[in-house]
Amino acid sequence: MKKTIISAFVAISTLITTVGMSFGDLLVPVMTYRVGPFAANGTQNANGFVDYLTMLNERDGGIGGVKIKVEECETGYKAEKGVECYESYRGKNPLVHTPNSTGITLQILAKAPEDKTPILTMGYGLSAAAKGETFPWAFNYPTSYFSQMTSILKYIDSQTGLKDQKIGFIFLESGYGREPIPVLEQLAPKFGFEYFLLPVAGKDAQNQSSHWLTVRKEKPDWMIMWGWGVMNPTAVKAAIKSRYPLDRFVGNWWSAGDVDLGPIGEAGKGYKGATFNATGTDFPAVQDVIKHVVSKGLTKTGSEGPGTVLYNRAMWNAALIAEAIKTAQDITGKKEITGEDMRIGLENFVLDEARLKELGFAGMVAPIVGSCKDHEGAGAAFIQQWDGSKWVKITDAIDPMKDIAQEMLTKAAAQYASNNAGWTTQTCN
Amino acid sequence: MYFRETGQFKSKYKEELAAFPIFEDKIGIAIAALLAFVLIPIFGLPGLSWDFTMSAVMIPVVIFTITTLGLNILLGFAGQISLGTAAFMGVGAYSCYKIMTIFPDLNALICVVLSGIVTAFVGTIFGLPSLRIKGFYLMVATLAAQFFLEWAFIRIPWLYNYNISGAIEVPYKEMFGIVLTGAKSEPLTRYFVCLGFLVVLTWLASNVIRGRIGRSWMMIRDMDIAAELIGVRPLTAKLSAFAFSSFYIGISGALMVFFWLGAAEVESFDINHSFTYLFMVIIGGLGSITGCYFGAILVWVVPVILKEYGKSVFGIDAFVMENFTTILLGVVMVVILIVEPHGLARIWQIAKQKLRLWPFPY
């Protein structure tokens, strides 16, 4: 009896080990959150990312003839799950980490150079990672929070001028929400505007009445929001209730998704948001995903997913990773690359208009070129507006105030490096 | 049969009072120590990668056992309820960060102990209401501590050295040429540091509880008026319980950030975490040191391992497993509390009783 139990145990444990290790594929790990308070947004993000890479497997048989293996790890948007997920990928040759959370990014940022795996935080994470010389292993293409805030301020400037304006900044009280505050601090005296802060704690996301009472009292000319999850629709609804003009209310790119405004519908007409990707299913890349993945039932989304803000953005995130993998394959001449090769790919890919057209992303996103020095890319954002049922692009790409953003990024990067003695940097030429 | 005390004679009072008077218990402890100190660090757990075993299973469970010990001293032995556990862990973490950055050359282990002392001080202050109020009212007072401290971690930028991200990061520290903290440190080093703390703190707790102070806590817990009448001072007894408990919790908070997570924001110290630690204590068993180990293992290790096995063996989606383990844990908690309200520690005790009479238990 004892022997049978022991041999069964041995058999099971060897089975577990063999199933867990299957090399030969390109492992693209992704930390997602399909459960928890931010699941509505997280699910779309996860679907777009996974579906695009599945589409490459279905249509092209992977990248350079090697299949892609996407491995999801559920975080529930909780920071302490980050370590768990990170460790579960270790030793399986992950190519690039996609933490999908600023909190987790901060935790794994220091580990990346040790484990030789780059981190790509598209439109989130630590803004200072834009400085490639200080952060060789972290990337935040296509633009950082600092740059985005300057783009939004530029937009406001083009509408009413910034001078003597009063701006209310409502944000989720976390590392993510606080990131752009230094920009406001720096620019307020420079452009002569006033601002006040409205921090919303995560647990109060659905209870913003006190914040909007302050808004009524202060009567700001513009409101800017750095929100996420259920905080976004709550804020827009509260703005409607307190009769705040919605066309003076601008969300950042995580506060302007279809899941946020969809439930509000017609009433939310006029609300604006920044973004770096267009919506809709008219793009060939989205069509391919629908044809090869969604209609074949290889996805967890229904037909409503493709074309939405977050889904398209996650697709773009996956496409950038796929392009970096291809670049790395071309440069190193290897088919099965490692994290170190991936880093080279992320610094050298070229996504110009022609290449975007080939990939089917022309018109959806701005062209971007990888570089050693600048891990942020072109950095332009544009403004879209909710028309009651969908998002409509209302401006062209607005370049950030590069000199100001760069100066602040350099400072922030230097601060991080000095706080972390022995930090690995690189020199670019 | 398995637990036969026959023939194990005690001829001295000291032997009778030993921590493990029965020979079989000594074997059990030796096996547990062998597992924790040798077998798991060398081989890992079956089916999980070694790195994952160390960083995602063993290090956190050791740290949470220290937390649970701290909370159990307060709740199980002194009978003072607290909902501010996570915030006190935060005090440990933030004070450790401040001490490390103000005195960059100070040894990391000393920083951890100092942060425990700072937390003990803060805990004593928030323990003051316990002199006037009891039960639910005290619970509300500690809830205030939780919210106040969370607020402080966000709104006092001095605590995180004015970092733009608002998070505390772990500086690089070494001792005798071995890297202790920071990204370059080996999981094995970090594990043994945490395990060392756990062993020392368990030994300390078991002795303090068997001594005069521990007895005064239990008297206060069982009936405070009677305790006062026979000469136990509620002031010292209650405040020392708060201080002692916060010391443990502070150390575990510092270990959590500096030897496990690597960086932390205030979210790692929110009220939900307080509840998790409370579950660990209640499931493990109030007023039992062994129970702390059981509680931490059940609440932390079981879901993590189930999730990994579910993914790698059965190929179930990660989010399905996440929901499944949450449901399972909830069910297990309810069942355990119905079957045995005194937690796993009591179940363990009953099992021992039965084994003593095996094969004819009654």
# chains A, B, ... in the order shown; residues from 1 in each chain; ligands from 1

$ select_by_dssp --residues "stretch 114-362 of chain A" --states "strand (DSSP E or B)" --output "JSON, numbers by chain"
{"A": [119, 120, 131, 138, 139, 166, 167, 168, 169, 170, 171, 172, 194, 195, 196, 197, 198, 199, 200, 222, 223, 224, 225, 226, 249, 250, 251, 272, 273, 274, 275, 277, 350, 351, 362]}

$ select_by_dssp --residues "stretch 82-297 of chain B" --states "alpha helix (DSSP H)" --output "PyMOL selection string"
chain B and resi 85-102+108-127+135-155+187-210+212-222+224-229+234-256+271-284+289-296

$ closest_residue --among "B:Gly295, B:Gly214, B:Gly166, B:Gly28" --to "A:Tyr176" --atoms "only C-alpha atoms"
B:Gly166

$ residues_around --residues "B:Gly116" --least-positions-apart "5" --cutoff "6 Å" --atoms "only C-alpha atoms" --output "short mmCIF file (atom, residue, chain, number, x, y, z; two decimals) with C-alpha atoms, in the first residue's frame"
data_model
loop_
_atom_site.label_atom_id
_atom_site.label_comp_id
_atom_site.auth_asym_id
_atom_site.auth_seq_id
_atom_site.Cartn_x
_atom_site.Cartn_y
_atom_site.Cartn_z
CA GLY B 92 7.46 48.35 10.31
CA PHE B 247 7.01 44.34 17.72
CA GLY B 250 6.53 45.42 12.68
CA ILE B 251 9.33 42.94 12.08
#

$ residues_around --residues "B:Ile271" --least-positions-apart "2" --cutoff "7 Å" --atoms "only C-alpha atoms" --output "JSON, numbers by chain"
{"B": [86, 146, 269, 273, 274, 275]}

$ interface_residues --of "chain A" --to "chain B" --cutoff "8 Å" --atoms "only C-alpha atoms" --output "NGL selection string"
:A and (13-17 or 19-20 or 33-35 or 72-74 or 78-80 or 83-84 or 87-88 or 90 or 103 or 106-108 or 110-111 or 114 or 126 or 174-176 or 178-179 or 182 or 412 or 419-422)

$ residues_around --residues "stretch 122-125 of chain A" --least-positions-apart "5" --cutoff "7 Å" --atoms "only C-alpha atoms" --output "count of residues only"
10

$ residues_around --residues "B:Ala241" --least-positions-apart "4" --cutoff "9 Å" --atoms "only C-alpha atoms" --output "ChimeraX atom specification"
/B:73-74,77-78,80,124,127,213-214,217,236-237,245-246

$ write_last_selection --atoms "all heavy atoms" --output "compact mmCIF listing (two decimals), in the first residue's frame"
# COMPACT_ATOMS: atom_id res chain seq x y z
N ILE B 73 -0.71 36.82 19.78
CA ILE B 73 -0.34 37.25 21.13
C ILE B 73 -1.38 38.25 21.63
O ILE B 73 -1.87 38.15 22.76
CB ILE B 73 1.06 37.88 21.12
CG1 ILE B 73 2.11 36.80 20.93
CG2 ILE B 73 1.31 38.67 22.40
CD1 ILE B 73 3.48 37.33 20.65
N LEU B 74 -1.75 39.17 20.76
CA LEU B 74 -2.69 40.21 21.17
C LEU B 74 -4.11 39.66 21.30
O LEU B 74 -4.80 39.89 22.28
CB LEU B 74 -2.67 41.33 20.13
CG LEU B 74 -3.43 42.59 20.51
CD1 LEU B 74 -2.76 43.26 21.69
CD2 LEU B 74 -3.47 43.55 19.34
N PHE B 77 -3.96 35.56 23.23
CA PHE B 77 -3.46 35.44 24.59
C PHE B 77 -3.91 36.60 25.47
O PHE B 77 -4.21 36.40 26.64
CB PHE B 77 -1.93 35.34 24.58
CG PHE B 77 -1.45 34.03 24.04
CD1 PHE B 77 -0.96 33.93 22.76
CD2 PHE B 77 -1.55 32.88 24.80
CE1 PHE B 77 -0.54 32.71 22.24
CE2 PHE B 77 -1.14 31.65 24.30
CZ PHE B 77 -0.64 31.57 23.01
N ALA B 78 -3.94 37.83 24.91
CA ALA B 78 -4.31 38.96 25.75
C ALA B 78 -5.77 39.36 25.54
O ALA B 78 -6.29 40.21 26.26
CB ALA B 78 -3.41 40.15 25.47
N GLN B 80 -7.23 41.14 23.31
CA GLN B 80 -7.51 42.49 22.80
C GLN B 80 -7.63 42.39 21.28
O GLN B 80 -6.67 42.02 20.61
CB GLN B 80 -6.39 43.45 23.16
CG GLN B 80 -6.02 43.45 24.61
CD GLN B 80 -7.15 43.93 25.48
OE1 GLN B 80 -7.76 44.96 25.24
NE2 GLN B 80 -7.48 43.14 26.51
N THR B 124 1.83 50.71 21.03
CA THR B 124 1.47 51.04 22.41
C THR B 124 0.56 52.27 22.44
O THR B 124 -0.42 52.30 23.18
CB THR B 124 2.75 51.32 23.22
OG1 THR B 124 3.69 50.31 22.93
CG2 THR B 124 2.45 51.32 24.70
N GLY B 127 -2.66 51.38 21.46
CA GLY B 127 -3.24 50.45 22.43
C GLY B 127 -3.85 51.16 23.62
O GLY B 127 -4.60 50.55 24.40
N ILE B 213 4.57 37.48 32.48
CA ILE B 213 3.86 38.44 31.63
C ILE B 213 2.75 37.74 30.84
O ILE B 213 1.62 38.20 30.79
CB ILE B 213 4.85 39.13 30.66
CG1 ILE B 213 5.98 39.76 31.44
CG2 ILE B 213 4.15 40.16 29.80
CD1 ILE B 213 7.08 40.30 30.58
N GLY B 214 3.10 36.60 30.27
CA GLY B 214 2.12 35.86 29.48
C GLY B 214 0.93 35.45 30.32
O GLY B 214 -0.23 35.54 29.89
N TRP B 217 -1.35 38.31 30.80
CA TRP B 217 -2.18 38.56 29.61
C TRP B 217 -3.39 37.64 29.61
O TRP B 217 -4.52 38.06 29.37
CB TRP B 217 -1.39 38.28 28.32
CG TRP B 217 -0.29 39.23 28.05
CD1 TRP B 217 -0.14 40.48 28.58
CD2 TRP B 217 0.84 39.02 27.20
NE1 TRP B 217 1.00 41.06 28.12
CE2 TRP B 217 1.63 40.19 27.26
CE3 TRP B 217 1.27 37.98 26.38
CZ2 TRP B 217 2.81 40.34 26.54
CZ3 TRP B 217 2.43 38.11 25.67
CH2 TRP B 217 3.20 39.28 25.75
N THR B 236 -0.13 47.87 32.59
CA THR B 236 1.09 47.24 32.07
C THR B 236 0.75 46.01 31.24
O THR B 236 1.38 45.77 30.21
CB THR B 236 2.04 46.85 33.22
OG1 THR B 236 1.24 46.25 34.24
CG2 THR B 236 2.78 48.03 33.75
N ALA B 237 -0.22 45.22 31.72
CA ALA B 237 -0.52 43.98 31.00
C ALA B 237 -1.02 44.28 29.59
O ALA B 237 -0.53 43.73 28.61
CB ALA B 237 -1.55 43.17 31.76
N SER B 245 3.08 42.50 20.70
CA SER B 245 2.44 42.08 19.46
C SER B 245 2.89 42.97 18.30
O SER B 245 3.22 42.49 17.21
CB SER B 245 0.93 42.12 19.65
OG SER B 245 0.29 42.48 18.47
N SER B 246 2.93 44.28 18.53
CA SER B 246 3.32 45.20 17.45
C SER B 246 4.77 44.99 17.06
O SER B 246 5.13 45.16 15.90
CB SER B 246 3.12 46.65 17.87
OG SER B 246 1.82 46.83 18.31

$ residues_around --residues "A:Glu194" --least-positions-apart "3" --cutoff "8 Å" --atoms "only C-alpha atoms" --output "ChimeraX atom specification"
/A:164-167,188
